[in-house]
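K.L.:
Here you go, query34.cif (mmCIF, C-alpha atoms):
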```cif
data_entry
loop_
_atom_site.label_atom_id
_atom_site.label_comp_id
_atom_site.auth_asym_id
_atom_site.auth_seq_id
_atom_site.Cartn_x
_atom_site.Cartn_y
_atom_site.Cartn_z
CA MET A 668 -40.33 -13.67 -59.69
CA TYR A 669 -39.27 -16.85 -57.89
CA LYS A 670 -36.15 -17.10 -60.03
CA TYR A 671 -35.33 -13.45 -59.43
CA LYS A 672 -35.72 -13.86 -55.67
CA GLY A 673 -33.47 -16.90 -55.74
CA LYS A 674 -30.71 -15.00 -57.51
CA ARG A 675 -31.13 -12.19 -55.04
CA VAL A 676 -30.83 -14.53 -52.09
CA LEU A 677 -27.79 -16.21 -53.58
CA SER A 678 -26.18 -12.82 -54.23
CA LEU A 679 -26.90 -11.73 -50.67
CA ILE A 680 -25.39 -14.94 -49.29
CA ALA A 681 -22.31 -14.41 -51.45
CA VAL A 682 -21.93 -10.85 -50.12
CA ILE A 683 -22.31 -12.07 -46.53
CA LEU A 684 -19.77 -14.84 -47.06
CA LEU A 685 -17.35 -12.39 -48.66
CA PHE A 686 -17.82 -9.92 -45.79
CA THR A 687 -17.39 -12.67 -43.18
CA SER A 688 -14.30 -13.98 -44.92
CA THR A 689 -12.85 -10.48 -45.23
CA SER A 690 -13.65 -9.63 -41.58
CA SER A 691 -12.15 -12.91 -40.40
CA SER A 692 -9.05 -12.26 -42.47
CA LEU A 693 -8.71 -8.72 -41.13
CA PHE A 694 -9.23 -9.92 -37.54
CA SER A 695 -6.64 -12.63 -38.05
CA GLN A 696 -4.23 -10.05 -39.46
CA HIS A 697 -4.91 -7.80 -36.43
CA ARG A 698 -4.19 -10.68 -34.05
CA ASP A 699 -1.02 -11.61 -35.95
CA THR A 700 0.04 -7.96 -35.85
CA LEU A 701 -0.56 -7.67 -32.11
CA ILE A 702 1.25 -10.84 -31.13
CA SER A 703 4.15 -10.03 -33.44
CA ARG A 704 4.41 -6.60 -31.82
CA ILE A 705 4.40 -8.14 -28.35
CA GLU A 706 7.03 -10.71 -29.23
CA ALA A 707 9.19 -8.01 -30.80
CA ILE A 708 9.46 -6.11 -27.50
CA PRO A 709 13.00 -6.59 -26.10
CA GLY A 710 12.98 -8.83 -23.03
CA VAL A 711 9.51 -10.31 -23.59
CA SER A 712 9.13 -14.09 -23.44
CA GLY A 713 6.55 -16.83 -22.90
CA VAL A 714 3.70 -15.10 -24.74
CA LYS A 715 0.54 -17.19 -24.48
CA ARG A 716 -2.95 -16.42 -25.72
CA LEU A 717 -5.81 -16.71 -23.20
CA GLU A 718 -9.56 -16.84 -23.66
CA SER A 719 -11.73 -13.87 -22.72
CA PRO A 720 -15.31 -12.93 -23.66
CA ASN A 721 -14.59 -9.29 -22.81
CA PHE A 722 -11.64 -8.62 -25.12
CA ASN A 723 -10.67 -9.30 -28.72
CA ASP A 724 -7.35 -10.67 -27.49
CA LYS A 725 -5.86 -11.58 -24.15
CA TYR A 726 -2.28 -12.65 -23.50
CA VAL A 727 -0.02 -13.46 -20.61
CA LEU A 728 3.67 -12.71 -21.08
CA TYR A 729 6.86 -12.34 -19.09
CA PHE A 730 8.93 -9.16 -19.08
CA GLN A 731 12.59 -9.18 -18.12
CA GLN A 732 13.35 -6.56 -15.48
CA PRO A 733 16.54 -5.50 -13.68
CA LEU A 734 16.57 -6.36 -10.00
CA ASP A 735 17.90 -2.86 -9.47
CA HIS A 736 17.04 -0.36 -12.19
CA LYS A 737 19.93 1.87 -11.17
CA ASN A 738 22.39 -1.01 -11.21
CA PRO A 739 21.50 -3.45 -14.04
CA SER A 740 24.58 -5.54 -13.28
CA ALA A 741 22.83 -6.76 -10.10
CA GLY A 742 20.87 -9.26 -12.18
CA SER A 743 17.32 -9.63 -13.47
CA PHE A 744 14.02 -11.44 -13.01
CA THR A 745 10.90 -11.98 -15.10
CA GLN A 746 7.71 -10.09 -14.30
CA ARG A 747 4.30 -11.45 -15.25
CA VAL A 748 2.11 -9.15 -17.33
CA TYR A 749 -1.37 -9.62 -18.78
CA LEU A 750 -2.41 -7.75 -21.91
CA MET A 751 -6.12 -7.41 -22.73
CA ASN A 752 -6.81 -5.78 -26.07
CA VAL A 753 -9.94 -3.99 -27.29
CA SER A 754 -8.49 -1.73 -29.94
CA PHE A 755 -5.33 0.26 -30.65
CA SER A 756 -7.54 3.36 -30.84
CA ARG A 757 -9.02 2.99 -27.32
CA PRO A 758 -7.56 4.27 -24.01
CA THR A 759 -5.44 1.88 -21.96
CA VAL A 760 -5.62 1.09 -18.25
CA ILE A 761 -2.41 -0.04 -16.57
CA VAL A 762 -3.39 -1.98 -13.45
CA THR A 763 -0.63 -1.49 -10.87
CA GLU A 764 -1.34 -4.60 -8.81
CA GLY A 765 0.27 -4.51 -5.38
CA TYR A 766 0.38 -8.28 -4.95
CA GLY A 767 0.09 -11.35 -7.21
CA ALA A 768 -1.75 -11.30 -10.52
CA ALA A 769 -3.20 -14.82 -10.65
CA TYR A 770 -6.81 -13.61 -10.62
CA ALA A 771 -6.25 -11.69 -13.87
CA SER A 772 -6.06 -15.04 -15.67
CA ASN A 773 -9.81 -15.51 -15.06
CA PRO A 774 -11.44 -15.32 -18.53
CA ARG A 775 -14.09 -12.91 -17.21
CA TYR A 776 -11.73 -10.57 -15.38
CA ARG A 777 -12.19 -6.91 -16.22
CA ASP A 778 -11.17 -3.82 -14.29
CA GLU A 779 -13.92 -1.35 -13.34
CA LEU A 780 -12.46 1.45 -15.46
CA SER A 781 -12.11 -0.83 -18.47
CA ARG A 782 -15.79 -1.72 -18.19
CA LEU A 783 -16.81 1.91 -17.86
CA PHE A 784 -14.72 3.26 -20.73
CA GLU A 785 -14.08 0.25 -23.01
CA THR A 786 -10.32 0.31 -22.55
CA ASN A 787 -7.42 -2.02 -23.10
CA ILE A 788 -5.68 -3.36 -20.00
CA VAL A 789 -2.00 -3.85 -19.21
CA PHE A 790 -2.04 -5.72 -15.90
CA VAL A 791 1.29 -5.87 -14.04
CA GLU A 792 2.05 -8.30 -11.24
CA HIS A 793 4.12 -6.66 -8.49
CA ARG A 794 7.75 -7.68 -8.16
CA TYR A 795 8.44 -10.35 -5.50
CA PHE A 796 4.93 -11.83 -5.70
CA LEU A 797 3.92 -15.21 -7.18
CA GLU A 798 5.45 -15.69 -10.64
CA SER A 799 7.33 -12.38 -10.45
CA THR A 800 9.54 -13.49 -7.57
CA PRO A 801 13.31 -13.31 -8.19
CA LYS A 802 15.53 -16.30 -7.44
CA PRO A 803 17.52 -16.17 -5.29
CA LEU A 804 15.43 -13.92 -3.07
CA GLU A 805 17.26 -10.74 -2.06
CA TRP A 806 14.97 -8.35 -0.20
CA LYS A 807 17.16 -5.29 -0.72
CA TYR A 808 15.83 -4.88 -4.26
CA LEU A 809 12.19 -4.80 -3.14
CA THR A 810 11.72 -1.03 -3.07
CA ALA A 811 8.92 1.31 -4.11
CA GLU A 812 11.28 3.06 -6.48
CA ASN A 813 12.18 -0.16 -8.27
CA SER A 814 8.48 -1.05 -8.56
CA ALA A 815 7.81 2.34 -10.16
CA TYR A 816 10.62 1.76 -12.65
CA ASP A 817 9.12 -1.66 -13.46
CA LEU A 818 5.86 0.02 -14.45
CA HIS A 819 7.64 2.78 -16.35
CA LYS A 820 9.58 0.29 -18.45
CA ILE A 821 6.46 -1.75 -19.26
CA LYS A 822 4.42 1.32 -20.12
CA LYS A 823 7.13 2.60 -22.46
CA ALA A 824 7.19 -0.76 -24.20
CA PHE A 825 3.44 -0.78 -24.88
CA GLU A 826 2.83 2.89 -25.60
CA GLN A 827 4.33 2.50 -29.06
CA PHE A 828 1.12 0.85 -30.22
CA TYR A 829 -1.39 2.04 -27.60
CA LYS A 830 -1.19 5.76 -28.33
CA GLY A 831 -4.45 6.87 -26.67
CA LYS A 832 -4.90 8.10 -23.09
CA TRP A 833 -3.42 6.01 -20.28
CA ILE A 834 -4.95 5.50 -16.83
CA ALA A 835 -3.01 3.98 -13.91
CA THR A 836 -5.16 2.32 -11.27
CA GLY A 837 -4.99 -0.17 -8.45
CA VAL A 838 -6.77 -1.23 -5.28
CA SER A 839 -5.41 -0.94 -1.73
CA LYS A 840 -1.66 -1.64 -1.97
CA GLY A 841 -2.19 -1.54 -5.73
CA GLY A 842 -3.69 1.94 -5.35
CA GLN A 843 -0.68 2.92 -3.29
CA THR A 844 1.50 1.52 -6.10
CA ALA A 845 -0.39 3.65 -8.64
CA LEU A 846 0.33 6.73 -6.52
CA ILE A 847 4.00 5.76 -6.20
CA TYR A 848 4.25 5.27 -9.95
CA ARG A 849 2.74 8.72 -10.64
CA ALA A 850 5.02 10.39 -8.09
CA PHE A 851 8.14 8.95 -9.70
CA PHE A 852 6.92 9.31 -13.30
CA PRO A 853 4.25 12.05 -13.38
CA ASP A 854 4.19 12.25 -17.18
CA ASP A 855 3.83 8.53 -17.88
CA VAL A 856 0.03 8.43 -17.69
CA ASP A 857 -2.77 10.94 -18.16
CA ILE A 858 -4.96 9.91 -15.22
CA THR A 859 -4.41 8.02 -11.96
CA VAL A 860 -7.26 6.40 -10.00
CA PRO A 861 -6.08 4.85 -6.70
CA TYR A 862 -8.80 2.99 -4.80
CA VAL A 863 -8.64 2.84 -0.97
CA ALA A 864 -4.92 3.68 -1.08
CA PRO A 865 -3.19 4.14 2.31
CA LEU A 866 -0.39 6.60 2.95
CA CYS A 867 1.28 5.55 6.20
CA LYS A 868 4.01 7.48 7.97
CA GLY A 869 5.38 4.73 10.17
CA ARG A 870 5.73 1.00 10.70
CA GLU A 871 2.94 1.34 13.28
CA ASP A 872 1.40 4.56 12.02
CA GLY A 873 -0.64 5.43 15.12
CA ARG A 874 -3.72 6.89 13.40
CA HIS A 875 -5.66 3.66 12.94
CA GLU A 876 -6.25 2.96 16.64
CA PRO A 877 -8.11 6.22 17.47
CA PHE A 878 -9.97 5.93 14.15
CA LEU A 879 -11.33 2.55 15.29
CA SER A 880 -12.05 3.57 18.88
CA LYS A 881 -13.57 7.00 18.26
CA PHE A 882 -14.80 7.36 14.66
CA VAL A 883 -16.12 4.29 12.85
CA GLY A 884 -19.77 3.33 13.23
CA THR A 885 -21.71 4.50 16.28
CA PRO A 886 -20.61 4.45 19.95
CA GLN A 887 -23.01 1.55 20.50
CA GLN A 888 -21.51 -0.44 17.61
CA ARG A 889 -17.95 0.17 18.79
CA GLU A 890 -18.94 -0.94 22.31
CA LEU A 891 -20.56 -4.10 20.93
CA LEU A 892 -17.37 -5.05 19.09
CA GLU A 893 -15.18 -4.35 22.11
CA ASN A 894 -17.49 -6.45 24.29
CA PHE A 895 -17.08 -9.31 21.83
CA GLN A 896 -13.30 -9.01 22.19
CA PHE A 897 -13.71 -9.18 25.98
CA GLU A 898 -15.94 -12.22 25.55
CA VAL A 899 -13.26 -14.07 23.58
CA LEU A 900 -10.51 -13.15 26.06
CA ASN A 901 -12.57 -13.96 29.15
CA ARG A 902 -13.49 -17.37 27.70
CA ARG A 903 -9.94 -18.32 26.77
CA GLU A 904 -10.09 -21.53 28.83
CA GLU A 905 -12.80 -23.02 26.59
CA LEU A 906 -11.81 -21.29 23.32
CA GLN A 907 -8.02 -21.75 23.36
CA PRO A 908 -8.28 -25.55 22.80
CA LYS A 909 -10.48 -24.93 19.75
CA PHE A 910 -7.99 -22.36 18.52
CA ASP A 911 -5.03 -24.70 19.02
CA SER A 912 -6.85 -27.58 17.36
CA LEU A 913 -7.66 -25.49 14.28
CA CYS A 914 -4.02 -24.40 13.95
CA SER A 915 -2.83 -27.99 14.30
CA VAL A 916 -5.31 -29.43 11.78
CA LYS A 917 -4.49 -26.73 9.23
CA GLY A 918 -0.76 -27.07 9.83
CA TYR A 919 -0.29 -23.37 10.53
CA LYS A 920 3.18 -22.27 11.60
CA PHE A 921 3.78 -19.08 13.58
CA ASN A 922 6.74 -17.15 14.94
CA LEU A 923 5.08 -16.98 18.36
CA SER A 924 3.09 -19.40 20.52
CA THR A 925 -0.57 -20.01 19.72
CA ARG A 926 -1.46 -18.42 23.05
CA GLU A 927 0.11 -15.17 21.86
CA ILE A 928 -1.37 -15.53 18.35
CA TYR A 929 -4.76 -15.89 20.07
CA ASP A 930 -4.27 -12.39 21.46
CA TYR A 931 -3.28 -10.90 18.13
CA SER A 932 -6.33 -12.40 16.45
CA VAL A 933 -8.52 -10.73 19.07
CA LEU A 934 -6.74 -7.39 18.60
CA GLU A 935 -7.13 -7.68 14.82
CA PHE A 936 -10.90 -8.29 15.09
CA PRO A 937 -12.28 -4.70 14.89
CA PHE A 938 -9.88 -3.72 12.11
CA ALA A 939 -10.94 -6.71 10.02
CA PHE A 940 -14.61 -6.14 10.85
CA TRP A 941 -14.70 -2.56 9.58
CA GLN A 942 -12.26 -3.11 6.73
CA TRP A 943 -14.65 -5.48 4.97
CA GLY A 944 -17.91 -3.87 6.06
CA SER A 945 -19.27 -6.81 8.07
CA PRO A 946 -22.91 -6.59 9.27
CA ILE A 947 -23.14 -5.57 12.91
CA SER A 948 -26.27 -7.71 13.29
CA GLU A 949 -24.20 -10.89 12.98
CA VAL A 950 -22.08 -10.28 16.10
CA PRO A 951 -22.98 -13.03 18.61
CA ALA A 952 -24.68 -11.89 21.80
CA LYS A 953 -22.89 -12.16 25.13
CA GLY A 954 -23.15 -15.67 26.51
CA SER A 955 -23.55 -17.34 23.12
CA SER A 956 -22.24 -20.89 22.81
CA ALA A 957 -18.48 -21.40 22.52
CA ASN A 958 -18.93 -22.85 19.04
CA GLU A 959 -20.92 -19.83 17.86
CA VAL A 960 -18.41 -17.35 19.31
CA PHE A 961 -15.42 -19.24 17.90
CA LYS A 962 -16.94 -19.66 14.43
CA TYR A 963 -17.77 -15.96 14.16
CA TRP A 964 -14.40 -14.87 15.50
CA MET A 965 -12.56 -16.99 12.93
CA LYS A 966 -14.86 -15.76 10.17
CA ILE A 967 -13.96 -12.12 10.83
CA SER A 968 -10.35 -12.48 12.04
CA PRO A 969 -9.02 -15.75 10.55
CA VAL A 970 -5.86 -17.04 12.14
CA ASP A 971 -4.11 -17.87 8.87
CA TYR A 972 -3.38 -14.14 8.54
CA PHE A 973 -0.66 -14.60 11.18
CA VAL A 974 1.27 -17.51 9.63
CA ASN A 975 4.99 -16.83 9.38
CA GLU A 976 5.32 -17.49 5.64
CA SER A 977 2.68 -16.80 3.01
CA SER A 978 2.10 -15.29 -0.41
CA THR A 979 2.01 -11.87 1.27
CA THR A 980 5.38 -12.09 3.04
CA ALA A 981 6.86 -9.64 0.52
CA PHE A 982 4.18 -7.12 1.49
CA PHE A 983 5.19 -7.22 5.15
CA VAL A 984 8.80 -6.63 4.12
CA GLN A 985 7.65 -3.52 2.22
CA ALA A 986 5.44 -2.39 5.11
CA ALA A 987 8.31 -2.67 7.57
CA ARG A 988 10.73 -0.94 5.24
CA GLU A 989 8.85 2.02 3.72
CA LEU A 990 5.10 1.50 3.16
CA GLY A 991 4.10 1.44 6.83
CA TYR A 992 1.28 -0.36 8.61
CA TYR A 993 -1.00 -0.11 11.63
CA GLY A 994 -0.71 -0.85 15.33
CA TYR A 995 -2.97 -2.27 18.06
CA ASP A 996 -4.29 -0.69 21.25
CA THR A 997 -3.80 -3.22 24.05
CA ARG A 998 -4.74 -0.89 26.92
CA PRO A 999 -8.45 -1.84 27.20
CA PHE A 1000 -7.50 -5.51 27.66
CA LYS A 1001 -4.80 -5.16 30.31
CA GLY A 1002 -4.62 -8.30 32.44
CA LEU A 1003 -6.36 -10.49 29.84
CA LEU A 1004 -3.58 -10.76 27.28
CA ALA A 1005 -0.69 -13.21 27.16
CA ILE A 1006 1.44 -10.56 25.45
CA LYS A 1007 2.78 -7.57 27.37
CA ASN A 1008 2.18 -5.20 24.48
CA SER A 1009 2.01 -5.30 20.69
CA LYS A 1010 4.83 -2.91 19.92
CA GLY A 1011 7.08 -4.20 17.15
CA TYR A 1012 4.65 -6.99 16.26
CA LEU A 1013 5.29 -6.65 12.51
CA ASN A 1014 8.91 -7.77 13.00
CA LYS A 1015 7.98 -10.50 15.47
CA LEU A 1016 5.17 -12.04 13.45
CA PHE A 1017 5.80 -11.51 9.77
CA LEU A 1018 9.34 -10.68 8.74
CA PRO A 1019 11.47 -13.52 7.37
CA ALA A 1020 15.10 -14.01 8.35
CA GLY A 1021 17.38 -11.49 6.71
CA ALA A 1022 14.66 -8.89 6.18
CA GLU A 1023 15.45 -6.51 9.01
CA PHE A 1024 15.11 -2.87 7.95
CA LYS A 1025 14.87 0.46 9.68
CA PHE A 1026 11.69 2.21 8.55
CA ASP A 1027 12.45 4.97 6.05
CA LYS A 1028 10.01 7.91 5.99
CA ALA A 1029 11.41 9.27 2.72
CA LEU A 1030 8.70 7.61 0.60
CA TYR A 1031 5.89 8.96 2.81
CA ARG A 1032 7.30 12.48 2.58
CA LYS A 1033 7.72 12.22 -1.19
CA LEU A 1034 4.16 11.02 -1.76
CA LYS A 1035 2.67 13.56 0.62
CA ARG A 1036 4.51 16.42 -1.10
CA PHE A 1037 3.53 15.12 -4.50
CA VAL A 1038 -0.20 14.99 -3.73
CA ALA A 1039 -0.07 18.41 -2.08
CA GLY A 1040 1.68 20.11 -4.99
CA THR A 1041 0.81 18.27 -8.19
CA GLN A 1042 -1.62 19.43 -10.85
CA GLU A 1043 -1.81 15.98 -12.44
CA ARG A 1044 -5.26 14.43 -12.91
CA MET A 1045 -5.87 12.06 -10.01
CA MET A 1046 -9.04 10.59 -8.50
CA PHE A 1047 -8.95 8.94 -5.06
CA VAL A 1048 -11.79 6.71 -3.81
CA TYR A 1049 -12.16 5.68 -0.14
CA GLY A 1050 -14.71 4.08 2.18
CA GLU A 1051 -15.66 6.25 5.16
CA PHE A 1052 -15.45 3.42 7.74
CA ASP A 1053 -12.51 1.58 6.18
CA PRO A 1054 -9.69 1.69 8.77
CA TRP A 1055 -7.29 2.48 5.93
CA SER A 1056 -9.12 5.78 5.53
CA ALA A 1057 -7.40 6.82 8.75
CA VAL A 1058 -4.32 7.26 6.58
CA LYS A 1059 -5.91 8.48 3.36
CA VAL A 1060 -4.32 11.30 1.38
CA ASN A 1061 -5.06 14.81 2.60
CA GLU A 1062 -7.95 16.75 1.12
CA PRO A 1063 -6.63 17.80 -2.29
CA LYS A 1064 -5.72 21.38 -3.09
CA GLY A 1065 -4.89 20.88 -6.75
CA LYS A 1066 -7.68 21.64 -9.21
CA ASN A 1067 -7.12 18.32 -11.00
CA ILE A 1068 -7.23 16.11 -7.90
CA VAL A 1069 -10.60 14.87 -6.66
CA LEU A 1070 -11.43 12.69 -3.68
CA PHE A 1071 -14.61 10.64 -3.21
CA ILE A 1072 -15.51 9.01 0.12
CA GLU A 1073 -18.30 6.44 0.12
CA PRO A 1074 -20.53 7.14 3.17
CA LYS A 1075 -20.17 4.27 5.67
CA GLY A 1076 -18.11 2.49 3.00
CA SER A 1077 -15.44 -0.14 3.55
CA HIS A 1078 -12.30 -1.33 1.77
CA ARG A 1079 -14.64 -2.47 -1.02
CA ALA A 1080 -15.33 1.15 -2.03
CA ARG A 1081 -15.27 1.67 -5.80
CA ILE A 1082 -16.80 4.13 -8.23
CA SER A 1083 -19.66 1.66 -8.70
CA THR A 1084 -20.42 1.61 -4.94
CA LEU A 1085 -20.64 5.40 -4.55
CA PRO A 1086 -24.08 7.01 -4.07
CA PRO A 1087 -25.72 7.83 -7.45
CA GLN A 1088 -24.91 11.55 -7.53
CA MET A 1089 -21.32 11.00 -6.42
CA ARG A 1090 -20.91 8.12 -8.88
CA GLU A 1091 -22.20 10.24 -11.76
CA GLU A 1092 -19.80 13.04 -10.84
CA ALA A 1093 -16.86 10.63 -10.79
CA VAL A 1094 -17.74 9.11 -14.17
CA GLU A 1095 -18.34 12.50 -15.80
CA THR A 1096 -15.03 13.80 -14.44
CA LEU A 1097 -13.17 10.85 -15.94
CA LYS A 1098 -15.02 11.27 -19.24
CA LEU A 1099 -13.94 14.91 -19.35
CA TRP A 1100 -10.32 14.04 -18.59
CA LEU A 1101 -10.30 11.36 -21.28
CA SER A 1102 -11.71 13.78 -23.84
CA GLU A 1103 -9.21 16.58 -23.18
#
```
Show the structure stored in the file as structure tokens.
P.N.:
Amino acid sequence: MYKYKGKRVLSLIAVILLFTSTSSSLFSQHRDTLISRIEAIPGVSGVKRLESPNFNDKYVLYFQQPLDHKNPSAGSFTQRVYLMNVSFSRPTVIVTEGYGAAYASNPRYRDELSRLFETNIVFVEHRYFLESTPKPLEWKYLTAENSAYDLHKIKKAFEQFYKGKWIATGVSKGGQTALIYRAFFPDDVDITVPYVAPLCKGREDGRHEPFLSKFVGTPQQRELLENFQFEVLNRREELQPKFDSLCSVKGYKFNLSTREIYDYSVLEFPFAFWQWGSPISEVPAKGSSANEVFKYWMKISPVDYFVNESSTTAFFVQAARELGYYGYDTRPFKGLLAIKNSKGYLNKLFLPAGAEFKFDKALYRKLKRFVAGTQERMMFVYGEFDPWSAVKVNEPKGKNIVLFIEPKGSHRARISTLPPQMREEAVETLKLWLSE
């Protein structure tokens, strides 16, 4: 019996070794097949494998794009793309990032929808951000239409071997980009899930200010925040030196004086507070020490937001040109501000030289019409108290468009943050769409 058992064990080990060897060989072949397919795509360069515990394979690559898709002779640039592979047979999420893609290089990065539905990811850095910035920099090619064509070209390149369902998704400006992509190319993907996506109708839209003064929170909470703004303005004599010192130590450069930037940081305070869902209990009481007031103010409305050149400069160009933005209500603080009013502040504070544009409402009209009339499958997620919800899409009329609003939610609203019943409905809806 001992001899028999030994043979059995040896046979079992041999089978395991054979299986392991075969599996390893097949996996290696799969990887070789995937990377060879990527490298065979016209215009792809710099393919590099990355580590990830969540995917069988993860790569970063660079995709050659025309600066102007309607005029290829204008030149080209390279756009950074991350590919995260589970299986050729699984659905694929295309993340329509609105800014830079550096965080996607984190080994543990995974989009919410990919976690929920075990999907592949094609993650696209937006043109004119980080490693996808053309040289020389010509702002005229930074348009929503060109960004949609970028996504279309990349999707067409990868759909040849990811033949399952495709979902376009993004957060904030990335959610807006997902909507833009669907409006220009409605048949490219099967489902679109924009998170907290704004739809502004003007450079200073006008709907955010009444949203902040009349809707968010409770009257008592809104009054508390306004009183804090008064506190900071009334104590300018002792707080301005701290403000100036911080700007000097950090080396911040602005288009206006620090006295004027002081005002803008105060005006920005309630928007920033509600956008990120800050606890109302942390607001310092009236008469708190200057250090306590200053520290909290800078925590909620940090001054580096107003520097004249940053990694988000391209966003402000887009906002001024066709995406739109929000304004400030200076009326409650008349007599306390160094600025006369805030009108036109986007141009004064953020736009680089040579980036002067008249705001074009054509994109807003196109997107509004698209949402109102489309029957494409789209799921929008918003936070009730997020100031960007002041410019959310209209309540959908199409049978295949659903909208979820997280009660008291902020700009962090996701499917995972929705109340249980709402979250279950969202997940089941997506499951149904993926199965059809």
K.L.:
Which residues match the PyMOL selection byres ((chain A and resi 1055-1064) around 8) in the file above, as a list of chain:residue names?
P.N.:
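Those residues are A:Val863, A:Ala864, A:Pro865, A:Leu866, A:Cys867, A:Arg874, A:His875, A:Phe878, A:Gln942, A:Lys1035, A:Val1038, A:Ala1039, A:Gly1040, A:Tyr1049, A:Gly1050, A:Glu1051, A:Phe1052, A:Asp1053, A:Pro1054, A:Gly1065, A:Lys1066, A:Ile1068, A:Val1069, A:Leu1070, A:His1078.
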K.L.:
For the file shown, what are the residues hit by the PyMOL selection byres ((chain A and resi 706-714) around 7), laid out as a PDB file with C-alpha atoms, in the frame of the given file?
P.N.:
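Full text of result_33.pdb as output:
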```pdb
ATOM      1  CA  ILE A 702       1.250 -10.840 -31.130  1.00  0.00           C
ATOM      2  CA  SER A 703       4.150 -10.030 -33.440  1.00  0.00           C
ATOM      3  CA  ARG A 704       4.410  -6.600 -31.820  1.00  0.00           C
ATOM      4  CA  ILE A 705       4.400  -8.140 -28.350  1.00  0.00           C
ATOM      5  CA  LYS A 715       0.540 -17.190 -24.480  1.00  0.00           C
ATOM      6  CA  ARG A 716      -2.950 -16.420 -25.720  1.00  0.00           C
ATOM      7  CA  TYR A 726      -2.280 -12.650 -23.500  1.00  0.00           C
ATOM      8  CA  VAL A 727      -0.020 -13.460 -20.610  1.00  0.00           C
ATOM      9  CA  LEU A 728       3.670 -12.710 -21.080  1.00  0.00           C
ATOM     10  CA  TYR A 729       6.860 -12.340 -19.090  1.00  0.00           C
ATOM     11  CA  PHE A 730       8.930  -9.160 -19.080  1.00  0.00           C
ATOM     12  CA  GLN A 731      12.590  -9.180 -18.120  1.00  0.00           C
ATOM     13  CA  ALA A 824       7.190  -0.760 -24.200  1.00  0.00           C
TER      14      ALA A 824
END
```
K.L.:
For segment 915-925 of chain A, list every protein, DNA or RNA residue within 12 Å, evaluated using all atoms listed in the file, and leave out those in the same chain fewer than 5 positions away; present the list as a ChimeraX atom specification.
P.N.:
/A:903,906-910,930-932,969-977,1005-1006,1012-1020
K.L.:
For Glu876 of chain A, which of A:Lys830, A:Ala769, A:Pro861, A:Asp996 is the closest residue, counting all atoms listed in the file?
P.N.:
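For Glu876 of chain A, the nearest of the candidates is A:Asp996.
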K.L.:
Of the candidates A:Asn787, A:Gln843, A:Asn894, A:Ser968, which shows the shortest atom-to-atom distance to Leu934 of chain A, using all atoms listed in the file?
P.N.:
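Among the listed residues, A:Ser968 lies closest to Leu934 of chain A.
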K.L.:
Residues near Arg1090 of chain A, anyone? I mean within 10 Å using only C-alpha atoms, not counting same-chain ones fewer than 6 positions away, as a JSON list (two decimals) with C-alpha atoms, in the coordinates of the input.
P.N.:
```
[["chain", "number", "residue", "atom", "x", "y", "z"],
["A", 1071, "PHE", "CA", -14.61, 10.64, -3.21],
["A", 1073, "GLU", "CA", -18.30, 6.44, 0.12],
["A", 1081, "ARG", "CA", -15.27, 1.67, -5.80],
["A", 1082, "ILE", "CA", -16.80, 4.13, -8.23],
["A", 1083, "SER", "CA", -19.66, 1.66, -8.70],
["A", 1084, "THR", "CA", -20.42, 1.61, -4.94],
["A", 1096, "THR", "CA", -15.03, 13.80, -14.44]]
```
K.L.:
Can you spell out as number ranges by chain the set of residues that the PyMOL selection byres ((chain A and resi 962) around 12) selects in the structure I just provided?
P.N.:
A: 899, 906, 909-910, 913, 949-951, 955-961, 963-970
K.L.:
For the residues in the current selection, export C-alpha atoms as a PDB file, in the frame of the given file.
P.N.:
```pdb
ATOM      1  CA  VAL A 899     -13.260 -14.070  23.580  1.00  0.00           C
ATOM      2  CA  LEU A 906     -11.810 -21.290  23.320  1.00  0.00           C
ATOM      3  CA  LYS A 909     -10.480 -24.930  19.750  1.00  0.00           C
ATOM      4  CA  PHE A 910      -7.990 -22.360  18.520  1.00  0.00           C
ATOM      5  CA  LEU A 913      -7.660 -25.490  14.280  1.00  0.00           C
ATOM      6  CA  GLU A 949     -24.200 -10.890  12.980  1.00  0.00           C
ATOM      7  CA  VAL A 950     -22.080 -10.280  16.100  1.00  0.00           C
ATOM      8  CA  PRO A 951     -22.980 -13.030  18.610  1.00  0.00           C
ATOM      9  CA  SER A 955     -23.550 -17.340  23.120  1.00  0.00           C
ATOM     10  CA  SER A 956     -22.240 -20.890  22.810  1.00  0.00           C
ATOM     11  CA  ALA A 957     -18.480 -21.400  22.520  1.00  0.00           C
ATOM     12  CA  ASN A 958     -18.930 -22.850  19.040  1.00  0.00           C
ATOM     13  CA  GLU A 959     -20.920 -19.830  17.860  1.00  0.00           C
ATOM     14  CA  VAL A 960     -18.410 -17.350  19.310  1.00  0.00           C
ATOM     15  CA  PHE A 961     -15.420 -19.240  17.900  1.00  0.00           C
ATOM     16  CA  TYR A 963     -17.770 -15.960  14.160  1.00  0.00           C
ATOM     17  CA  TRP A 964     -14.400 -14.870  15.500  1.00  0.00           C
ATOM     18  CA  MET A 965     -12.560 -16.990  12.930  1.00  0.00           C
ATOM     19  CA  LYS A 966     -14.860 -15.760  10.170  1.00  0.00           C
ATOM     20  CA  ILE A 967     -13.960 -12.120  10.830  1.00  0.00           C
ATOM     21  CA  SER A 968     -10.350 -12.480  12.040  1.00  0.00           C
ATOM     22  CA  PRO A 969      -9.020 -15.750  10.550  1.00  0.00           C
ATOM     23  CA  VAL A 970      -5.860 -17.040  12.140  1.00  0.00           C
TER      24      VAL A 970
END
```
K.L.:
Give the answer as one residue: which of A:His793, A:Arg782, A:Lys1025, A:Lys1098 has the shortest atom-to-atom distance to Thr979 of chain A, using all atoms listed in the file?
P.N.:
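So, comparing all the options, the nearest one is A:His793.
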